[in-house]
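A.B. asks: Contents are compact mmCIF, C-alpha atoms; file name work.txt:
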# COMPACT_ATOMS: atom_id res chain seq x y z
CA MET E 657 0.00 0.00 0.00
CA THR E 658 1.41 3.39 -0.98
CA ALA E 659 1.68 6.31 1.45
CA ALA E 660 -1.21 8.07 -0.30
CA GLU E 661 -3.41 4.96 -0.22
CA ASN E 662 -2.70 4.50 3.49
CA VAL E 663 -3.78 8.08 4.27
CA ARG E 664 -6.95 7.75 2.21
CA LYS E 665 -7.73 4.46 3.98
CA LYS E 666 -7.36 6.14 7.39
CA ILE E 667 -9.54 9.09 6.37
CA TYR E 668 -12.21 6.79 4.95
CA GLY E 669 -12.12 4.67 8.12
CA THR E 670 -12.57 7.72 10.34
CA ILE E 671 -15.46 8.97 8.21
CA LYS E 672 -17.25 5.64 8.42
CA SER E 673 -16.55 4.77 12.07
CA ALA E 674 -17.60 8.22 13.32
CA ALA E 675 -20.41 8.63 10.73
CA LEU E 676 -18.99 11.99 9.64
CA ILE E 677 -20.43 12.05 6.12
CA GLU E 678 -23.55 10.69 4.45
CA LYS E 679 -24.11 10.10 0.76
CA GLY E 680 -25.44 13.23 -0.89
CA ASP E 681 -23.70 15.59 1.54
CA ARG E 682 -22.32 18.90 0.34
CA VAL E 683 -18.98 19.31 2.14
CA LEU E 684 -17.05 22.54 2.66
CA VAL E 685 -13.32 22.20 3.39
CA GLY E 686 -11.53 24.99 5.24
CA LEU E 687 -8.57 25.37 2.88
CA SER E 688 -5.67 27.39 4.30
CA GLY E 689 -3.31 26.22 1.57
CA GLY E 690 -1.08 24.40 4.07
CA ALA E 691 -0.16 20.72 3.82
CA ASP E 692 -2.98 19.54 6.12
CA SER E 693 -5.85 21.18 4.27
CA VAL E 694 -4.37 20.47 0.83
CA CYS E 695 -4.08 16.79 1.78
CA LEU E 696 -7.65 16.67 3.11
CA THR E 697 -9.10 18.45 0.10
CA HIS E 698 -7.28 16.18 -2.37
CA ALA E 699 -8.12 12.98 -0.46
CA LEU E 700 -11.83 13.85 -0.25
CA TYR E 701 -11.78 14.80 -3.94
CA SER E 702 -10.21 11.42 -4.75
CA MET E 703 -12.96 9.63 -2.78
CA ARG E 704 -15.84 11.93 -3.80
CA GLU E 705 -17.64 9.36 -5.94
CA GLU E 706 -17.19 6.58 -3.39
CA LEU E 707 -18.46 8.87 -0.61
CA GLY E 708 -21.18 10.38 -2.80
CA ILE E 709 -20.33 13.98 -1.92
CA GLN E 710 -19.98 17.39 -3.57
CA LEU E 711 -16.98 19.44 -2.46
CA PHE E 712 -16.51 23.16 -1.86
CA THR E 713 -13.59 25.06 -0.33
CA ALA E 714 -13.31 28.33 1.60
CA HIS E 715 -10.26 30.41 2.54
CA LEU E 716 -10.12 33.28 5.04
CA ASN E 717 -7.30 35.84 4.92
CA HIS E 718 -6.88 37.10 8.49
CA GLY E 719 -5.36 40.37 7.30
CA LEU E 720 -2.09 39.94 9.21
CA ARG E 721 0.66 38.82 6.84
CA GLY E 722 0.32 41.15 3.85
CA ALA E 723 1.70 39.72 0.60
CA GLU E 724 2.28 36.29 2.15
CA ALA E 725 -1.40 36.01 3.09
CA GLU E 726 -2.46 37.10 -0.40
CA ARG E 727 -0.15 34.40 -1.81
CA ASP E 728 -1.87 31.80 0.37
CA ALA E 729 -5.29 32.91 -0.86
CA ASP E 730 -4.15 32.71 -4.49
CA GLU E 731 -2.72 29.23 -3.94
CA ALA E 732 -5.94 28.01 -2.32
CA LYS E 733 -7.96 29.40 -5.21
CA MET E 734 -5.71 27.90 -7.90
CA PHE E 735 -5.54 24.50 -6.19
CA SER E 736 -9.34 24.37 -5.95
CA GLU E 737 -9.71 25.36 -9.60
CA THR E 738 -7.34 22.58 -10.74
CA LEU E 739 -9.74 20.11 -9.10
CA GLY E 740 -12.84 21.88 -10.40
CA ILE E 741 -13.94 22.84 -6.90
CA GLU E 742 -15.70 26.13 -6.16
CA CYS E 743 -13.61 28.21 -3.73
CA THR E 744 -14.81 31.19 -1.70
CA LEU E 745 -12.21 33.77 -0.58
CA GLU E 746 -12.69 36.47 2.03
CA THR E 747 -10.52 38.86 4.06
CA ALA E 748 -11.06 39.80 7.72
CA ASP E 749 -9.32 42.15 10.15
CA MET E 750 -8.42 39.71 12.91
CA ARG E 751 -6.41 42.19 14.97
CA ALA E 752 -9.27 44.73 15.04
CA TYR E 753 -11.78 41.99 15.91
CA ALA E 754 -9.59 40.81 18.81
CA LYS E 755 -9.26 44.36 20.15
CA GLU E 756 -12.97 45.13 19.75
CA ASN E 757 -14.01 41.98 21.61
CA GLY E 758 -11.24 41.97 24.21
CA ILE E 759 -9.91 38.54 23.20
CA SER E 760 -6.58 37.05 22.10
CA GLU E 761 -5.64 37.00 18.42
CA GLU E 762 -5.68 33.18 18.46
CA THR E 763 -9.26 33.17 19.75
CA ALA E 764 -10.25 35.92 17.31
CA GLY E 765 -8.87 33.95 14.38
CA ARG E 766 -10.75 30.82 15.40
CA GLU E 767 -14.04 32.69 15.88
CA LEU E 768 -13.71 34.52 12.56
CA ARG E 769 -12.91 31.32 10.66
CA TYR E 770 -15.84 29.35 12.01
CA GLU E 771 -18.20 32.30 11.59
CA PHE E 772 -17.03 32.55 7.95
CA PHE E 773 -17.42 28.82 7.33
CA GLU E 774 -20.90 28.74 8.87
CA ARG E 775 -22.04 31.71 6.80
CA ILE E 776 -20.79 30.18 3.55
CA ALA E 777 -22.39 26.86 4.51
CA LYS E 778 -25.73 28.55 5.03
CA GLU E 779 -25.51 30.45 1.75
CA LYS E 780 -24.61 27.36 -0.30
CA GLY E 781 -26.67 24.72 1.46
CA ILE E 782 -23.60 22.96 2.85
CA ASP E 783 -24.21 19.94 5.09
CA LYS E 784 -20.75 19.48 6.66
CA ILE E 785 -17.73 21.70 7.28
CA ALA E 786 -14.46 19.74 7.24
CA THR E 787 -11.38 21.10 9.00
CA ALA E 788 -7.89 19.64 8.64
CA HIS E 789 -6.94 19.00 12.26
CA ASN E 790 -4.58 16.02 12.41
CA ARG E 791 -3.22 13.63 15.07
CA ASN E 792 -0.36 15.99 15.97
CA ASP E 793 -2.78 18.90 16.38
CA ASN E 794 -4.81 16.70 18.69
CA ALA E 795 -1.80 15.79 20.83
CA GLU E 796 -0.75 19.46 21.02
CA THR E 797 -4.24 20.42 22.12
CA ILE E 798 -4.30 17.76 24.83
CA VAL E 799 -0.90 18.86 26.18
CA MET E 800 -1.88 22.52 26.03
CA ASN E 801 -5.13 21.80 27.89
CA PHE E 802 -3.27 19.76 30.50
CA ILE E 803 -0.83 22.61 31.09
CA ARG E 804 -3.71 25.07 31.40
CA GLY E 805 -5.63 22.76 33.74
CA SER E 806 -8.75 22.72 31.61
CA GLY E 807 -10.21 19.59 33.21
CA LEU E 808 -11.24 16.14 31.97
CA SER E 809 -13.00 17.38 28.83
CA GLY E 810 -9.86 19.14 27.68
CA LEU E 811 -7.90 15.89 27.94
CA CYS E 812 -10.25 14.26 25.41
CA GLY E 813 -8.65 16.36 22.70
CA ILE E 814 -10.32 17.55 19.53
CA PRO E 815 -13.65 15.80 18.79
CA LYS E 816 -14.07 14.13 15.42
CA ARG E 817 -17.43 15.85 15.12
CA ARG E 818 -19.10 18.86 16.72
CA GLY E 819 -22.45 19.69 15.17
CA ASN E 820 -21.83 20.09 11.45
CA ILE E 821 -18.05 20.45 11.93
CA ILE E 822 -16.15 17.27 11.02
CA ARG E 823 -12.44 16.39 11.26
CA PRO E 824 -11.69 13.39 9.01
CA LEU E 825 -7.90 13.82 9.32
CA LEU E 826 -7.62 13.26 13.08
CA ASN E 827 -6.13 9.75 12.79
CA VAL E 828 -3.43 10.89 10.35
CA SER E 829 -0.07 12.23 11.55
CA ARG E 830 1.69 15.31 10.18
CA THR E 831 4.46 13.11 8.77
CA GLU E 832 1.91 11.01 6.87
CA ILE E 833 0.29 14.17 5.54
CA GLU E 834 3.58 15.47 4.16
CA GLU E 835 4.29 12.05 2.62
CA TYR E 836 0.85 12.12 0.98
CA CYS E 837 1.55 15.52 -0.57
CA ARG E 838 4.93 14.35 -1.90
CA ALA E 839 3.46 11.14 -3.31
CA GLU E 840 0.64 13.01 -5.08
CA GLY E 841 2.89 15.87 -6.25
CA LEU E 842 0.90 18.47 -4.30
CA SER E 843 2.44 21.83 -3.49
CA TYR E 844 1.43 23.70 -0.36
CA VAL E 845 2.26 26.92 1.46
CA THR E 846 3.76 27.38 4.92
CA ASP E 847 2.37 30.06 7.22
CA SER E 848 5.42 31.89 8.60
CA THR E 849 3.68 32.39 11.95
CA ASN E 850 3.70 28.60 12.40
CA LEU E 851 7.51 28.70 12.37
CA THR E 852 7.81 31.16 15.24
CA ASP E 853 7.41 30.54 18.96
CA ASP E 854 5.14 33.54 19.49
CA TYR E 855 2.05 31.46 20.22
CA THR E 856 1.56 28.84 22.95
CA ARG E 857 0.75 26.06 20.46
CA ASN E 858 3.95 26.73 18.51
CA LYS E 859 6.04 26.53 21.68
CA ILE E 860 4.45 23.16 22.49
CA ARG E 861 5.02 21.96 18.91
CA HIS E 862 8.60 23.16 18.48
CA ILE E 863 10.04 22.96 22.00
CA LEU E 864 8.05 20.81 24.44
CA LEU E 865 6.92 17.83 22.34
CA PRO E 866 10.37 17.13 20.83
CA GLU E 867 11.74 16.91 24.39
CA ILE E 868 8.94 14.57 25.52
CA GLU E 869 9.51 12.34 22.47
CA LYS E 870 13.09 11.79 23.64
CA PHE E 871 11.56 9.79 26.53
CA ASN E 872 8.69 8.28 24.51
CA PRO E 873 9.11 8.34 20.71
CA ASN E 874 5.49 7.18 20.37
CA PHE E 875 4.10 9.93 22.60
CA ILE E 876 1.79 11.39 19.91
CA GLU E 877 0.11 8.00 19.43
CA THR E 878 0.05 7.26 23.17
CA VAL E 879 -1.55 10.51 24.22
CA THR E 880 -4.24 10.32 21.54
CA LYS E 881 -5.12 6.72 22.52
CA ASN E 882 -5.43 7.81 26.13
CA ALA E 883 -7.69 10.62 25.00
CA ASP E 884 -10.09 8.08 23.52
CA LEU E 885 -10.30 6.26 26.87
CA ILE E 886 -10.80 9.49 28.80
CA ALA E 887 -13.52 10.49 26.34
CA ASP E 888 -15.66 7.50 27.38
CA ASP E 889 -15.59 8.57 31.05
CA ASP E 890 -16.08 12.18 30.10
CA ALA E 891 -19.21 11.35 28.10
CA PHE E 892 -20.79 9.66 31.13
CA ILE E 893 -20.29 12.70 33.39
CA ALA E 894 -21.29 15.03 30.55
CA ARG E 895 -24.72 13.39 30.29
CA ALA E 896 -25.34 14.06 33.99
CA ALA E 897 -24.23 17.68 33.59
CA GLU E 898 -26.43 18.19 30.52
CA LYS E 899 -29.45 17.02 32.48
CA GLU E 900 -28.76 19.46 35.32
CA TYR E 901 -28.04 22.27 32.87
CA ALA E 902 -31.33 21.73 31.03
CA GLU E 903 -33.28 21.72 34.31
CA ASN E 904 -31.57 24.62 36.08
CA VAL E 905 -29.95 27.07 33.64
CA SER E 906 -31.99 29.70 31.83
CA GLY E 907 -31.16 33.10 30.37
CA GLY E 908 -27.47 32.83 31.24
CA TYR E 909 -27.99 32.25 34.95
CA ILE E 910 -28.59 29.50 37.51
CA ASN E 911 -30.15 29.84 40.94
CA ILE E 912 -27.36 29.45 43.48
CA ASP E 913 -29.52 27.26 45.74
CA ALA E 914 -29.85 24.73 42.90
CA PHE E 915 -26.20 25.12 41.94
CA GLU E 916 -24.98 24.34 45.46
CA LYS E 917 -26.78 20.97 45.43
CA LEU E 918 -24.77 19.73 42.44
CA ASP E 919 -21.75 17.45 42.64
CA ILE E 920 -18.49 19.38 42.17
CA SER E 921 -17.72 17.66 38.85
CA VAL E 922 -21.15 18.63 37.52
CA LYS E 923 -20.75 22.20 38.81
CA ARG E 924 -17.59 22.59 36.77
CA ARG E 925 -19.26 21.34 33.62
CA VAL E 926 -22.34 23.51 34.08
CA ILE E 927 -20.11 26.58 34.35
CA ARG E 928 -18.09 25.56 31.29
CA LYS E 929 -21.26 25.10 29.27
CA MET E 930 -22.64 28.46 30.42
CA ILE E 931 -19.42 30.10 29.22
CA SER E 932 -19.35 28.22 25.92
CA GLU E 933 -22.93 29.30 25.19
CA ILE E 934 -21.82 32.93 25.00
CA ARG E 935 -18.20 32.53 23.90
CA SER E 936 -18.09 29.58 21.51
CA GLY E 937 -15.08 27.30 21.76
CA ARG E 938 -13.71 28.91 24.91
CA ASP E 939 -12.52 26.43 27.57
CA LEU E 940 -11.16 28.06 30.74
CA SER E 941 -8.49 26.66 33.03
CA ALA E 942 -9.53 24.86 36.21
CA ASP E 943 -8.37 27.83 38.31
CA TYR E 944 -10.89 30.15 36.67
CA ILE E 945 -13.66 27.60 37.10
CA ALA E 946 -12.75 27.24 40.80
CA ASP E 947 -12.94 31.03 41.15
CA VAL E 948 -16.46 31.05 39.70
CA ILE E 949 -17.54 28.30 42.12
CA ALA E 950 -16.09 30.30 45.02
CA LEU E 951 -17.98 33.39 43.80
CA ALA E 952 -21.24 31.41 43.90
CA GLU E 953 -20.49 30.08 47.38
CA LYS E 954 -20.12 33.63 48.75
CA ASN E 955 -23.46 34.56 47.10
CA ARG E 956 -23.11 38.31 47.56
CA THR E 957 -25.22 40.50 45.28
CA GLY E 958 -22.96 42.74 43.21
CA SER E 959 -19.85 40.52 43.39
CA MET E 960 -18.17 40.09 40.01
CA LEU E 961 -15.29 38.15 38.46
CA ASN E 962 -13.67 39.05 35.13
CA LEU E 963 -12.76 36.02 33.01
CA PRO E 964 -10.69 35.82 29.79
CA ASP E 965 -12.02 36.83 26.36
CA GLY E 966 -14.56 39.39 27.53
CA VAL E 967 -16.56 37.04 29.77
CA LYS E 968 -17.58 37.79 33.36
CA ALA E 969 -19.36 36.01 36.20
CA ARG E 970 -21.57 37.80 38.74
CA THR E 971 -23.88 37.01 41.60
CA GLU E 972 -27.11 38.92 41.89
CA TYR E 973 -30.22 38.22 43.97
CA GLY E 974 -29.35 34.56 44.55
CA LYS E 975 -28.35 33.91 40.94
CA LEU E 976 -24.99 33.04 39.37
CA ILE E 977 -24.82 34.86 36.05
CA ILE E 978 -22.35 34.31 33.19
CA GLU E 979 -22.32 37.03 30.52
CA LEU E 980 -20.16 39.03 28.14
CA THR E 981 -18.51 42.13 29.57
CA LYS E 982 -19.91 43.99 26.58
CA PRO E 983 -23.64 43.10 26.15
CA GLU E 984 -24.38 41.39 22.84
CA THR E 985 -27.65 43.23 22.35
CA ASP E 986 -27.39 46.77 20.98
CA SER E 987 -30.24 49.27 20.80
CA PHE E 988 -33.04 48.27 18.41
CA GLU E 989 -36.54 49.25 17.33
CA TYR E 990 -38.96 47.41 15.05
CA ARG E 991 -42.26 48.82 13.85
CA LEU E 992 -45.08 46.25 13.80
CA GLU E 993 -47.56 45.95 10.97
CA ILE E 994 -51.06 44.76 11.91
CA GLY E 995 -51.52 41.12 10.97
CA LYS E 996 -47.85 40.50 10.18
CA GLU E 997 -45.34 38.54 12.25
CA THR E 998 -42.06 40.29 13.06
CA TYR E 999 -38.97 38.51 14.34
CA ILE E 1000 -36.88 40.45 16.89
CA PRO E 1001 -33.42 38.78 16.75
CA GLU E 1002 -31.95 40.82 19.59
CA ILE E 1003 -34.34 39.24 22.10
CA GLY E 1004 -35.19 36.05 20.21
CA ILE E 1005 -38.98 36.42 19.88
CA THR E 1006 -41.51 36.58 17.07
CA ILE E 1007 -44.34 39.02 17.73
CA LYS E 1008 -47.62 39.69 15.92
CA ALA E 1009 -50.11 42.52 16.45
CA GLU E 1010 -53.74 42.08 15.38
CA LYS E 1011 -56.93 44.09 15.79
CA ALA E 1012 -58.86 43.05 18.89
CA GLU E 1013 -62.57 43.42 19.58
CA LYS E 1014 -62.83 41.51 22.85
CA SER E 1015 -60.68 41.37 25.95
CA GLY E 1016 -57.81 38.91 26.20
CA LYS E 1017 -54.56 38.34 28.07
CA LEU E 1018 -52.42 40.59 25.87
CA CYS E 1019 -54.95 43.08 24.57
CA PHE E 1020 -54.17 46.79 24.70
CA ALA E 1021 -56.11 49.96 23.99
CA ALA E 1022 -54.85 51.58 20.79
CA GLY E 1023 -56.19 54.01 18.19
CA GLU E 1024 -57.11 52.94 14.66
CA ASN E 1025 -53.87 54.23 13.16
CA ALA E 1026 -51.62 53.89 16.20
CA GLU E 1027 -47.93 53.20 15.63
CA ILE E 1028 -46.98 49.91 17.28
CA ALA E 1029 -43.32 49.07 17.88
CA VAL E 1030 -40.95 46.92 19.90
CA ARG E 1031 -37.71 48.50 21.07
CA SER E 1032 -34.86 48.19 23.56
CA ARG E 1033 -34.75 50.03 26.86
CA ARG E 1034 -33.39 53.59 26.89
CA ALA E 1035 -31.93 55.72 29.65
CA GLY E 1036 -34.67 57.48 31.59
CA ASP E 1037 -37.54 55.26 30.39
CA VAL E 1038 -40.62 55.42 32.65
CA PHE E 1039 -43.99 53.66 32.65
CA TYR E 1040 -47.15 53.49 34.74
CA PRO E 1041 -47.21 49.93 36.16
CA GLU E 1042 -50.56 48.19 36.20
CA GLY E 1043 -51.69 47.59 39.79
CA MET E 1044 -49.56 50.42 41.15
CA SER E 1045 -50.03 54.17 41.52
CA GLY E 1046 -47.82 56.80 39.93
CA LYS E 1047 -45.04 56.23 37.46
CA LYS E 1048 -41.80 54.32 37.81
CA LYS E 1049 -38.46 54.26 36.07
CA ILE E 1050 -37.98 50.97 34.28
CA LYS E 1051 -34.49 50.75 35.73
CA ASP E 1052 -35.92 50.96 39.26
CA TYR E 1053 -38.61 48.42 38.39
CA PHE E 1054 -35.95 45.91 37.28
CA ILE E 1055 -33.94 46.48 40.46
CA ASN E 1056 -36.98 46.16 42.74
CA GLU E 1057 -38.08 42.98 40.98
CA LYS E 1058 -34.54 41.59 41.26
CA ILE E 1059 -34.32 40.97 37.52
CA PRO E 1060 -30.69 40.12 36.57
CA ARG E 1061 -28.88 42.44 34.20
CA ALA E 1062 -28.44 39.70 31.62
CA GLU E 1063 -32.23 39.30 31.51
CA ARG E 1064 -32.79 43.07 31.35
CA VAL E 1065 -30.68 43.29 28.19
CA LYS E 1066 -32.89 40.63 26.58
CA THR E 1067 -36.17 42.32 27.56
CA GLY E 1068 -38.03 44.33 24.91
CA LEU E 1069 -40.60 47.09 25.30
CA LEU E 1070 -43.89 47.26 23.40
CA THR E 1071 -44.76 50.86 22.57
CA ILE E 1072 -47.97 52.41 21.29
CA ASP E 1073 -47.58 55.84 19.71
CA GLY E 1074 -44.17 56.11 21.35
CA GLU E 1075 -45.36 55.34 24.91
CA ILE E 1076 -44.42 52.17 26.76
CA ALA E 1077 -47.43 49.87 26.94
CA TYR E 1078 -45.80 46.61 28.05
CA ILE E 1079 -42.47 45.39 29.39
CA ILE E 1080 -42.59 42.17 27.41
CA GLY E 1081 -43.02 39.15 29.63
CA LYS E 1082 -43.05 41.29 32.78
CA ARG E 1083 -45.57 44.11 33.46
CA ARG E 1084 -48.22 46.06 31.54
CA ASP E 1085 -48.76 49.83 31.62
CA ARG E 1086 -52.19 50.73 33.11
CA ARG E 1087 -52.71 53.56 30.59
CA PHE E 1088 -53.33 51.01 27.86
CA LYS E 1089 -55.96 48.89 29.58
CA PHE E 1090 -58.17 47.35 26.89
CA ASP E 1091 -61.50 49.20 26.55
CA GLY E 1092 -63.29 47.26 23.81
CA SER E 1093 -61.15 48.08 20.81
CA GLY E 1094 -57.42 48.06 20.20
CA ILE E 1095 -54.80 45.42 19.50
CA LYS E 1096 -53.97 41.87 20.55
CA ILE E 1097 -50.35 40.74 20.84
CA THR E 1098 -49.14 37.20 20.20
CA ILE E 1099 -45.59 36.27 21.17
CA LYS E 1100 -43.68 33.08 20.37
Turn the structure described in the file into structure tokens.
C.D. replies:
Amino acid sequence: MTAAENVRKKIYGTIKSAALIEKGDRVLVGLSGGADSVCLTHALYSMREELGIQLFTAHLNHGLRGAEAERDADEAKMFSETLGIECTLETADMRAYAKENGISEETAGRELRYEFFERIAKEKGIDKIATAHNRNDNAETIVMNFIRGSGLSGLCGIPKRRGNIIRPLLNVSRTEIEEYCRAEGLSYVTDSTNLTDDYTRNKIRHILLPEIEKFNPNFIETVTKNADLIADDDAFIARAAEKEYAENVSGGYINIDAFEKLDISVKRRVIRKMISEIRSGRDLSADYIADVIALAEKNRTGSMLNLPDGVKARTEYGKLIIELTKPETDSFEYRLEIGKETYIPEIGITIKAEKAEKSGKLCFAAGENAEIAVRSRRAGDVFYPEGMSGKKKIKDYFINEKIPRAERVKTGLLTIDGEIAYIIGKRRDRRFKFDGSGIKITIK
């Protein structure tokens, strides 16, 4: 068996054993132009009829390396064209994105790439997104996670599949990949940043692993086999944590009373999942997770802990809240048309206003040509709460009702002719009590 045939056999075996691809799938390969992605693209192309797939490629220029990055994009485009594969190119400003979001450049690059791949997949009806992570990448990730103290899940390494993201190359080593490219006469580019020791992964790759391999030449294989065993145990605990998360976490927070009843291993996983829900792909070290647990144990309203990559944890009114330092929801306003559904992405609801002739749960007094809208809260907003006298600032209402800040950001206001008629899901304004004619609101 030739070197190329051996690699294709391993890729095919991984695809089948992990059910990564189904016949008829449209598959997008993240093509950097490096040896890994060139190998994966070519191997999948060679097996396209056997797998029953249609291939696409996508390349993102991170805007950091000038002419070298443009060369990489050109190479990715030309390589795809030689195989008759449609390639999508795009340029991003990774450094600006990292600064704007308060995250590292490595994290920014990862987020931008996956956001790009997902967008292209949606536009082109792609079923799977294939990335070229290999066995060495997996070992580096495991070692890096161990050094950072990321917990049991981090020691499982890179998963072969996460949602629609697949990694068919995980059982192939970097040496085998380079041999494949030589055997098939494939040229590839080398990212100069991979040759430096500026990033943690590069230091592990160039300095630490070569030293470890002096003691165990088969370390890459050993550590990845161990990862498979750890993954089985991890999956068992993960199922327990998922159950508790589903029952107790809502709107980015968990009641501390419920949290304190959980086993420590489940607590850690619940926190990690809460963080990953708002900062995809981020896995914090065990020390940070321990700090969040300690914050919950103190249970003091107003206490806060800043975490990496623009994430923070707070305790407020008996709740542990995980949120972004900078709220995701900006100001918004949507005008409603009678009889038409309107989706409000900032707060994740679909709302419909209709004419009403009899009283109902969400019926409001409104003139024939009244302007109906849903908007975000503004500084100084006041309303006249139903069941209370006088007016009240919405800010004070939220504080008095002990509504967490994360929930406030996701709360919209229904307005009629510019006046607040309803804090959606919370309290009505008595000025708009239904009087026989007006509007009915449906929310889903």
A.B. asks: Which residues come within 10 Å of Ala887 of chain E, counting all atoms listed in the file, excluding same-chain residues fewer than 3 positions away, as a list in words?
C.D. replies: Leu808, Ser809, Gly810, Leu811, Cys812, Gly813, Pro815, Lys881, Asn882, Ala883, Asp884, Asp890, Ala891, Phe892 and Ala894 of chain E
A.B. asks: What is the distance between atom CA of Ala897 of chain E and atom CA of Arg818 of chain E, in Å to one decimal?
C.D. replies: 17.7 Å
A.B. asks: Could you give me, as JSON lines, every segment 709-768 of chain E residue with an atom at most 12 Å from segment 782-793 of chain E, plus its closest atom pair and distance in Å to one decimal, counting all atoms listed in the file, rows ordered by chain then number?
C.D. replies:
{"residue": "E:Ile709", "atom": "CA", "partner": "E:Asp783", "partner_atom": "CA", "distance": 10.0}
{"residue": "E:Gln710", "atom": "CA", "partner": "E:Ile782", "partner_atom": "CA", "distance": 9.2}
{"residue": "E:Leu711", "atom": "CA", "partner": "E:Ile782", "partner_atom": "CA", "distance": 9.2}
{"residue": "E:Phe712", "atom": "CA", "partner": "E:Ile782", "partner_atom": "CA", "distance": 8.5}
{"residue": "E:Thr713", "atom": "CA", "partner": "E:Ile785", "partner_atom": "CA", "distance": 9.3}
{"residue": "E:Ala714", "atom": "CA", "partner": "E:Ile785", "partner_atom": "CA", "distance": 9.8}
{"residue": "E:His715", "atom": "CA", "partner": "E:Thr787", "partner_atom": "CA", "distance": 11.4}
{"residue": "E:Arg766", "atom": "CA", "partner": "E:Thr787", "partner_atom": "CA", "distance": 11.7}
A.B. asks: Could you dump the residues just selected with C-alpha atoms as a CSV table (one decimal), keeping the file's coordinate frame?
C.D. replies:
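Everything below was put into part_10.csv:
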chain,number,residue,atom,x,y,z
E,709,ILE,CA,-20.3,14.0,-1.9
E,710,GLN,CA,-20.0,17.4,-3.6
E,711,LEU,CA,-17.0,19.4,-2.5
E,712,PHE,CA,-16.5,23.2,-1.9
E,713,THR,CA,-13.6,25.1,-0.3
E,714,ALA,CA,-13.3,28.3,1.6
E,715,HIS,CA,-10.3,30.4,2.5
E,766,ARG,CA,-10.8,30.8,15.4
A.B. asks: Excluding segment 733-735 of chain E and any residue of its chain fewer than 6 positions from it, enumerate the residues within 8 Å of it, using only C-alpha atoms, and give them as a ChimeraX atom specification.
C.D. replies: /E:743-745
A.B. asks: If you take all atoms listed in the file and a cut-off of 12 Å, which residues of segment 828-907 of chain E touch segment 918-936 of chain E, and what are their nearest atom pairs and distances in Å to one decimal, in chain and number order, as JSON lines?
C.D. replies:
{"residue": "E:Asp890", "atom": "CA", "partner": "E:Arg925", "partner_atom": "CA", "distance": 10.3}
{"residue": "E:Ala891", "atom": "CA", "partner": "E:Arg925", "partner_atom": "CA", "distance": 11.4}
{"residue": "E:Phe892", "atom": "CA", "partner": "E:Val922", "partner_atom": "CA", "distance": 11.0}
{"residue": "E:Ile893", "atom": "CA", "partner": "E:Val922", "partner_atom": "CA", "distance": 7.3}
{"residue": "E:Ala894", "atom": "CA", "partner": "E:Arg925", "partner_atom": "CA", "distance": 7.3}
{"residue": "E:Arg895", "atom": "CA", "partner": "E:Val922", "partner_atom": "CA", "distance": 9.6}
{"residue": "E:Ala896", "atom": "CA", "partner": "E:Val922", "partner_atom": "CA", "distance": 7.1}
{"residue": "E:Ala897", "atom": "CA", "partner": "E:Val922", "partner_atom": "CA", "distance": 5.1}
{"residue": "E:Glu898", "atom": "CA", "partner": "E:Val926", "partner_atom": "CA", "distance": 7.6}
{"residue": "E:Lys899", "atom": "CA", "partner": "E:Val926", "partner_atom": "CA", "distance": 9.8}
{"residue": "E:Glu900", "atom": "CA", "partner": "E:Val926", "partner_atom": "CA", "distance": 7.7}
{"residue": "E:Tyr901", "atom": "CA", "partner": "E:Val926", "partner_atom": "CA", "distance": 6.0}
{"residue": "E:Ala902", "atom": "CA", "partner": "E:Val926", "partner_atom": "CA", "distance": 9.7}
{"residue": "E:Glu903", "atom": "CA", "partner": "E:Val926", "partner_atom": "CA", "distance": 11.1}
{"residue": "E:Asn904", "atom": "CA", "partner": "E:Val926", "partner_atom": "CA", "distance": 9.5}
{"residue": "E:Val905", "atom": "CA", "partner": "E:Met930", "partner_atom": "CA", "distance": 8.1}
{"residue": "E:Ser906", "atom": "CA", "partner": "E:Met930", "partner_atom": "CA", "distance": 9.5}
{"residue": "E:Gly907", "atom": "CA", "partner": "E:Met930", "partner_atom": "CA", "distance": 9.7}
